[in-house]
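*Asks:* So here's final.txt, just compact mmCIF, C-alpha atoms:
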# COMPACT_ATOMS: atom_id res chain seq x y z
CA MET I 1 79.95 -112.20 79.17
CA ARG I 2 78.22 -108.93 78.36
CA THR I 3 75.97 -107.41 80.99
CA ILE I 4 73.83 -104.28 81.06
CA LYS I 5 72.68 -101.80 83.72
CA HIS I 6 68.94 -101.38 84.07
CA PRO I 7 67.37 -98.14 85.38
CA GLY I 8 65.84 -99.58 88.55
CA PRO I 9 67.11 -101.26 91.71
CA ILE I 10 68.42 -104.79 91.25
CA ILE I 11 65.92 -107.26 92.68
CA VAL I 12 67.34 -109.85 95.07
CA GLU I 13 65.42 -112.79 93.63
CA ARG I 14 67.13 -113.65 90.32
CA GLN I 15 65.06 -116.76 89.70
CA GLN I 16 61.34 -117.02 90.34
CA VAL I 17 60.35 -120.68 90.14
CA VAL I 18 57.23 -122.56 91.18
CA ALA I 19 57.02 -126.32 90.79
CA GLY I 20 53.50 -127.62 90.23
CA GLU I 21 51.35 -129.98 88.27
CA GLY I 22 51.23 -130.07 84.50
CA ARG I 23 49.97 -132.04 81.54
CA PRO I 24 50.22 -131.99 77.75
CA ILE I 25 47.38 -130.08 76.13
CA SER I 26 46.06 -129.68 72.61
CA VAL I 27 43.51 -126.98 71.76
CA THR I 28 41.97 -125.59 68.59
CA LEU I 29 42.31 -121.84 68.07
CA ALA I 30 39.47 -120.15 66.24
CA ALA I 31 39.98 -118.16 63.04
CA ARG I 32 38.95 -114.60 62.23
CA ILE I 33 39.06 -113.33 65.79
CA PRO I 34 42.06 -111.76 67.60
CA LEU I 35 44.65 -114.41 68.40
CA GLU I 36 44.73 -113.41 72.06
CA THR I 37 40.97 -113.96 72.27
CA ALA I 38 41.25 -117.27 70.42
CA VAL I 39 43.85 -118.52 72.91
CA ALA I 40 41.81 -117.39 75.93
CA GLU I 41 38.66 -119.07 74.59
CA ALA I 42 40.51 -122.30 73.78
CA LEU I 43 42.00 -122.55 77.28
CA LYS I 44 38.80 -121.65 79.12
CA ASP I 45 37.72 -125.27 79.64
CA GLN I 46 41.19 -126.74 80.18
CA GLU I 47 41.29 -125.98 83.94
CA VAL I 48 44.90 -124.78 83.87
CA ASP I 49 46.44 -121.72 85.53
CA SER I 50 49.02 -120.99 82.81
CA ALA I 51 50.22 -122.62 79.63
CA TRP I 52 52.91 -122.95 77.02
CA LEU I 53 51.52 -123.26 73.48
CA THR I 54 53.17 -123.70 70.10
CA LEU I 55 51.83 -123.29 66.56
CA SER I 56 53.41 -124.41 63.32
CA GLY I 57 52.26 -124.14 59.72
CA ALA I 58 49.44 -121.80 60.75
CA PRO I 59 47.89 -119.57 58.04
CA PHE I 60 47.02 -116.04 59.09
CA GLU I 61 44.79 -113.31 57.70
CA SER I 62 46.77 -110.54 59.34
CA LEU I 63 49.77 -110.53 61.66
CA ASN I 64 51.34 -107.61 63.49
CA TYR I 65 54.66 -107.81 65.28
CA VAL I 66 57.56 -105.78 66.64
CA ILE I 67 61.30 -106.41 66.98
CA PRO I 68 63.78 -104.93 69.47
CA ASP I 69 64.88 -101.32 69.09
CA HIS I 70 66.97 -98.71 70.89
CA ALA I 71 65.34 -97.09 73.91
CA PRO I 72 63.97 -93.58 73.31
CA ASP I 73 65.00 -92.44 76.81
CA ASP I 74 67.02 -93.50 79.85
CA GLN I 75 64.09 -95.28 81.50
CA HIS I 76 64.68 -98.54 79.64
CA VAL I 77 67.69 -100.35 78.15
CA ALA I 78 65.76 -101.17 74.97
CA TRP I 79 62.38 -100.65 73.38
CA TYR I 80 60.19 -101.89 70.55
CA SER I 81 60.34 -101.09 66.85
CA LYS I 82 57.47 -99.68 64.86
CA THR I 83 54.72 -102.20 64.16
CA HIS I 84 55.37 -104.46 61.18
CA SER I 85 52.29 -105.84 59.43
CA LEU I 86 51.86 -108.91 57.22
CA GLU I 87 48.82 -110.22 55.35
CA ASN I 88 47.72 -113.65 54.16
CA GLY I 89 50.85 -115.48 55.20
CA LEU I 90 52.04 -118.42 57.27
CA ILE I 91 53.32 -118.78 60.82
CA THR I 92 56.26 -121.18 60.60
CA ARG I 93 56.67 -121.46 64.36
CA LEU I 94 55.20 -119.54 67.28
CA GLY I 95 55.76 -120.11 70.99
CA MET I 96 53.53 -118.47 73.61
CA ILE I 97 53.61 -118.17 77.38
CA VAL I 98 49.99 -117.72 78.45
CA GLY I 99 49.21 -116.22 81.84
CA GLN I 100 47.20 -113.33 83.14
CA HIS I 101 47.27 -109.55 83.51
CA GLU I 102 44.89 -107.86 85.93
CA GLY I 103 42.71 -110.95 86.02
CA GLN I 104 42.44 -111.36 82.25
CA SER I 105 44.20 -113.79 79.92
CA PHE I 106 47.45 -112.40 78.51
CA LEU I 107 50.08 -113.95 76.29
CA HIS I 108 53.69 -113.27 75.33
CA GLY I 109 54.72 -114.84 72.03
CA HIS I 110 57.80 -114.96 69.77
CA GLY I 111 57.85 -116.58 66.37
CA LEU I 112 58.84 -116.97 62.74
CA TRP I 113 56.46 -116.03 59.91
CA GLY I 114 56.21 -114.60 56.42
CA ASP I 115 53.94 -113.57 53.57
CA ALA I 116 54.26 -112.87 49.86
CA ALA I 117 56.24 -109.67 50.51
CA ILE I 118 58.49 -110.88 53.35
CA GLU I 119 59.48 -114.52 53.22
CA ASP I 120 61.10 -114.82 56.67
CA ALA I 121 60.63 -112.57 59.68
CA PHE I 122 60.98 -113.11 63.42
CA GLY I 123 59.68 -111.07 66.31
CA HIS I 124 57.26 -110.45 69.15
CA ILE I 125 53.68 -111.03 68.03
CA LEU I 126 50.98 -108.48 68.81
CA ALA I 127 48.30 -111.02 69.58
CA PRO I 128 45.36 -108.60 70.10
CA THR I 129 45.63 -107.47 66.46
CA SER I 130 46.73 -110.69 64.74
CA VAL I 131 44.14 -113.03 63.20
CA LEU I 132 44.33 -116.61 61.93
CA SER I 133 42.62 -117.34 58.61
CA GLU I 134 41.80 -120.97 59.50
CA PRO I 135 41.30 -122.85 62.78
CA VAL I 136 44.66 -124.16 64.00
CA VAL I 137 45.61 -126.77 66.60
CA ALA I 138 48.02 -125.49 69.25
CA LYS I 139 49.91 -127.95 71.44
CA GLY I 140 51.88 -127.50 74.62
CA ILE I 141 51.80 -127.78 78.39
CA GLY I 142 49.12 -126.72 80.84
CA LEU I 143 50.28 -125.74 84.34
CA ILE I 144 48.26 -126.15 87.53
CA GLY I 145 49.26 -124.35 90.72
CA ALA I 146 51.89 -122.19 89.03
CA GLN I 147 50.83 -119.05 87.21
CA PHE I 148 52.53 -116.43 85.05
CA ASP I 149 51.16 -113.08 86.19
CA ARG I 150 52.11 -109.82 84.43
CA GLN I 151 53.26 -107.18 86.93
CA PRO I 152 55.41 -104.01 86.93
CA ASP I 153 59.09 -104.92 87.29
CA PRO I 154 61.02 -102.18 89.13
CA GLU I 155 64.45 -103.29 87.91
CA THR I 156 63.77 -103.15 84.17
CA ASN I 157 60.85 -100.69 84.24
CA PHE I 158 58.78 -103.04 82.07
CA ASP I 159 55.58 -104.91 82.85
CA LEU I 160 56.71 -108.55 82.86
CA PHE I 161 55.45 -111.99 83.74
CA SER I 162 56.35 -112.98 87.27
CA VAL I 163 55.61 -116.44 88.67
CA LYS I 164 52.87 -116.86 91.25
CA ASP I 165 52.46 -119.86 93.55
CA LEU I 166 48.81 -120.92 93.73
CA ASP I 167 49.35 -123.56 96.42
CA ALA I 168 51.36 -125.69 93.98
CA ARG I 169 52.72 -129.17 94.62
CA ASP I 170 55.74 -130.44 92.71
CA GLN I 171 54.39 -132.94 90.22
CA GLY I 172 57.22 -132.69 87.72
CA TYR I 173 56.50 -129.35 86.04
CA ALA I 174 57.63 -125.81 86.85
CA ALA I 175 57.17 -122.20 85.77
CA LEU I 176 60.37 -120.16 85.79
CA ARG I 177 61.21 -116.50 85.27
CA LEU I 178 64.87 -115.47 85.00
CA ALA I 179 66.00 -111.92 85.76
CA PRO I 180 68.64 -110.01 83.74
CA ASN I 181 72.42 -110.43 83.55
CA GLN I 182 72.67 -114.17 84.18
CA ASP I 183 73.79 -116.68 81.58
CA VAL I 184 70.72 -118.55 80.40
CA THR I 185 72.39 -121.99 80.28
CA ILE I 186 73.89 -121.74 83.78
CA ALA I 187 70.67 -120.27 85.16
CA LEU I 188 68.68 -123.22 83.84
CA GLU I 189 71.14 -125.66 85.38
CA THR I 190 70.85 -123.82 88.71
CA ALA I 191 67.05 -123.83 88.61
CA VAL I 192 66.84 -127.58 87.93
CA HIS I 193 69.39 -128.27 90.69
CA ASN I 194 67.48 -126.10 93.18
CA LEU I 195 64.26 -127.95 92.34
CA GLY I 196 66.01 -131.19 93.31
CA TRP I 197 65.55 -132.64 89.85
CA GLY I 198 68.12 -134.61 87.92
CA SER I 199 67.16 -133.43 84.44
CA ALA I 200 64.45 -131.53 82.59
CA GLU I 201 63.16 -130.41 79.22
CA VAL I 202 62.74 -126.65 78.81
CA VAL I 203 60.52 -124.52 76.57
CA GLY I 204 60.13 -120.76 76.54
CA LEU I 205 61.30 -117.41 75.27
CA GLY I 206 62.94 -114.14 76.29
CA SER I 207 65.68 -111.68 75.40
CA LEU I 208 69.48 -111.83 75.46
CA ILE I 209 72.30 -109.27 75.31
CA GLY I 210 73.37 -110.41 71.87
CA ALA I 211 74.15 -114.07 71.27
CA VAL I 212 77.28 -116.21 71.00
CA PHE I 213 76.84 -119.59 69.30
CA GLU I 214 78.88 -122.78 69.47
CA ASP I 215 79.62 -122.62 65.73
CA GLY I 216 81.45 -119.32 66.28
CA SER I 217 78.75 -117.02 64.93
CA VAL I 218 77.77 -113.94 66.93
CA LEU I 219 74.71 -111.71 66.94
CA ASP I 220 76.07 -108.28 67.82
CA SER I 221 72.95 -106.53 69.08
CA HIS I 222 72.50 -105.47 72.69
CA ALA I 223 68.75 -106.07 72.43
CA THR I 224 67.24 -109.28 71.05
CA GLU I 225 64.19 -111.53 71.15
CA PHE I 226 64.60 -115.31 71.22
CA LEU I 227 62.58 -118.51 71.14
CA ILE I 228 63.89 -121.84 72.40
CA THR I 229 63.76 -124.57 69.75
CA ASP I 230 65.42 -127.30 71.86
CA ALA I 231 66.61 -127.21 75.46
CA ARG I 232 67.43 -129.87 78.00
CA VAL I 233 69.21 -129.76 81.33
CA GLY I 234 71.04 -132.74 82.77
CA PRO I 235 74.21 -134.82 82.51
CA ASP I 236 75.78 -134.44 79.06
CA ALA I 237 72.89 -132.29 77.82
CA PRO I 238 73.76 -129.83 75.04
CA THR I 239 73.32 -126.10 75.54
CA PRO I 240 69.99 -124.56 74.54
CA GLU I 241 69.21 -124.20 70.85
CA ILE I 242 67.40 -120.98 69.96
CA VAL I 243 66.27 -118.75 67.10
CA ILE I 244 66.88 -115.04 67.68
CA VAL I 245 66.67 -111.60 66.08
CA GLY I 246 68.37 -108.30 66.90
CA ILE I 247 67.61 -104.63 66.47
CA ASP I 248 67.67 -104.20 62.70
CA GLY I 249 65.73 -107.42 62.06
CA SER I 250 67.73 -108.31 58.95
CA LYS I 251 69.67 -111.16 60.56
CA ILE I 252 67.70 -114.07 62.01
CA MET I 253 70.13 -116.51 63.59
CA SER I 254 69.81 -119.94 65.15
CA GLY I 255 72.00 -122.49 66.87
CA ARG I 256 73.25 -123.73 70.22
CA LEU I 257 74.53 -121.16 72.69
CA VAL I 258 77.98 -121.04 74.25
CA ARG I 259 77.68 -121.79 77.96
CA GLY I 260 78.58 -118.76 80.10
CA GLU I 261 78.45 -116.16 77.29
CA ASN I 262 74.73 -115.36 76.88
CA ALA I 263 73.24 -113.06 79.48
CA ILE I 264 69.54 -112.34 79.74
CA LEU I 265 68.65 -108.77 78.75
CA VAL I 266 65.20 -108.20 80.29
CA THR I 267 63.59 -111.57 81.04
CA ALA I 268 63.26 -115.23 80.18
CA GLU I 269 59.93 -117.00 80.76
CA LEU I 270 60.14 -120.77 80.75
CA VAL I 271 58.27 -123.99 81.47
CA LEU I 272 60.19 -127.03 82.71
CA ARG I 273 59.23 -130.70 82.62
CA ARG I 274 61.13 -133.09 84.85
CA THR I 275 62.69 -136.03 83.03
CA SER I 276 64.60 -137.57 85.97
Would you encode the structure as structure tokens?
*Replies:*
Amino acid sequence: MRTIKHPGPIIVERQQVVAGEGRPISVTLAARIPLETAVAEALKDQEVDSAWLTLSGAPFESLNYVIPDHAPDDQHVAWYSKTHSLENGLITRLGMIVGQHEGQSFLHGHGLWGDAAIEDAFGHILAPTSVLSEPVVAKGIGLIGAQFDRQPDPETNFDLFSVKDLDARDQGYAALRLAPNQDVTIALETAVHNLGWGSAEVVGLGSLIGAVFEDGSVLDSHATEFLITDARVGPDAPTPEIVIVGIDGSKIMSGRLVRGENAILVTAELVLRRTS
């Protein structure tokens, strides 16, 4: 398994997990305002501390995104590309972890989209400058007692979501952040075991050091962005299925990961729902 050395000291806690309450939620996101604002407004009356939201088949007026790129200096292992901009297109699938940064709503989203010029693209959405053209229903999970809170991370030198315990009680849901250089499949198994659960469904996103798939295909890029499309942990559960893009952006790949061969690059931010 490939690993990578980050510029800062290795943090001791490799898994930040808080088990709390949760419930399915469905909210309508307003059009013609920044997506980040639309999400914050839609969640305002939901009485949740964090959320996982997904969109599909969502028309947009404008959408800005970045993909992974080489780091410009030795202070990071990777960086972001120039901003790519699309107009009057469609979001095929978008997943968002919604938490807070300095007391304000903040989201981290990865997704698939396209317009008349670019049929299929995948990346990290810039929600403050992306705008839906029609109201869209977003569905997902609202968390209570567990909160994603964006803080400086000394190991990677990025500002990242950490997981904060707001006096949570385990009611079958959990917020999880995974640190670099651990296989994502094994880390999920460990997290579910440590929670004392038998099995769980997992949603979320993050970055890997390349990707090795069960069908033999390989994404050879040290920096990537991924979105989980199907993940379960438990007896006889398959490995996570993801969609992922690397540095040049030309190859969007998907499939189930090989267990033990897919290390996290910078972070993985995930929501778990207990199934047994």
*Asks:* List the neighbours of I:Thr224 out to 8 Å using all atoms listed in the file; skip same-chain residues closer than 2 positions along the sequence, and give me the result as an MDAnalysis selection string.
*Replies:* chainID I and resid 67:68 207:210 221:222 226 244:247 265
*Asks:* Work out how far atom CA of I:Glu261 is from atom CA of I:Lys82, in Å to one decimal.
*Replies:* 29.4 Å
*Asks:* Env of stretch 134-141 of chain I: 10 Å cut, atoms = all atoms listed in the file, seq-sep filter 4 positions within chain, self excluded. Answer as a count of residues only.
*Replies:* 36
*Asks:* At what distance in Å, to one decimal, does atom CA of I:Pro152 lie from atom CA of I:Glu189?
*Replies:*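 Atom-to-atom, atom CA of I:Glu189 to atom CA of I:Pro152, that is 26.8 Å.
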*Asks:* Between atom CA of I:Leu86 and atom CA of I:Glu119, what is the distance, to one decimal in Å?
*Replies:*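 Answer for the atom CA of I:Leu86 to atom CA of I:Glu119 separation: 10.3 Å.
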*Asks:* May I ask which of the residues I:Leu270, I:Leu205, I:Ile264, I:Leu112 is the closest one to I:Arg2, counting all atoms listed in the file?
*Replies:*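 When distances to I:Arg2 are compared using all atoms listed in the file, the smallest one comes from I:Ile264.
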*Asks:* List the spatial neighbours of I:Asp167 as a PyMOL selection string - criterion: any atom at most 10 Å away, all atoms listed in the file, same-chain residues fewer than 3 positions off excluded.
*Replies:* chain I and resi 18-20+144-146+164
*Asks:* For the residues in the current selection, export C-alpha atoms as an mmCIF file, in the frame of the given file.
*Replies:*
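Contents of part.cif, as written:
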data_model
loop_
_atom_site.group_PDB
_atom_site.id
_atom_site.type_symbol
_atom_site.label_atom_id
_atom_site.label_comp_id
_atom_site.auth_asym_id
_atom_site.auth_seq_id
_atom_site.Cartn_x
_atom_site.Cartn_y
_atom_site.Cartn_z
ATOM 1 C CA VAL I 18 57.230 -122.560 91.180
ATOM 2 C CA ALA I 19 57.020 -126.320 90.790
ATOM 3 C CA GLY I 20 53.500 -127.620 90.230
ATOM 4 C CA ILE I 144 48.260 -126.150 87.530
ATOM 5 C CA GLY I 145 49.260 -124.350 90.720
ATOM 6 C CA ALA I 146 51.890 -122.190 89.030
ATOM 7 C CA LYS I 164 52.870 -116.860 91.250
#
*Asks:* I'd like to know which of I:Ala179, I:Leu219, I:Leu143, I:Ile4 is closest to I:Leu166, using all atoms listed in the file.
*Replies:*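 The answer is I:Leu143, which sits nearest to I:Leu166.
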*Asks:* Using all atoms listed in the file, which of the listed residues (I:Thr185, I:Gln151, I:Asn88, I:Gln16) sits closest to I:Ala231?
*Replies:*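 Looking at the shortest contact to I:Ala231, the residue is I:Thr185.
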*Asks:* Would you please work out which residue, of I:Glu201, I:Asp230, I:Glu13, I:Glu225, is nearest to I:Met253 when using only C-alpha atoms?
*Replies:*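 Looking at the shortest contact to I:Met253, the residue is I:Glu225.
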*Asks:* Hey, which of I:Pro34, I:Gly260, I:Gly8, I:Pro240 ends up closest to I:Gln75? Count all atoms listed in the file.
*Replies:*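 Among I:Pro34, I:Gly260, I:Gly8, I:Pro240, it is I:Gly8 that comes nearest to I:Gln75.
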*Asks:* Which residue out of I:Ala268, I:Gly198, I:Glu241, I:Val233 has the minimum interatomic distance to I:Gly109 when all atoms listed in the file are used?
*Replies:*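 Using all atoms listed in the file, I:Gly109 sits closest to I:Ala268.
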*Asks:* Around (64.1, -136.9, 88.8) in the file's own coordinates, what residues are found within 7 Å if you use all atoms listed in the file, given back as a PyMOL selection string?
*Replies:* chain I and resi 197-199+274-276
*Asks:* I want to know what sits within 10 Å of I:Asp215, based on all atoms listed in the file, with residues of the same chain fewer than 3 positions away left out; could you give that as a PyMOL selection string?
*Replies:* chain I and resi 212+218+255-258
*Asks:* Find the residues near I:His84: any atom within 9 Å, counting only C-alpha atoms, skip ones fewer than 6 places away on the same chain, and give them as a VMD selection string.
*Replies:* chain I and resid 63 to 67
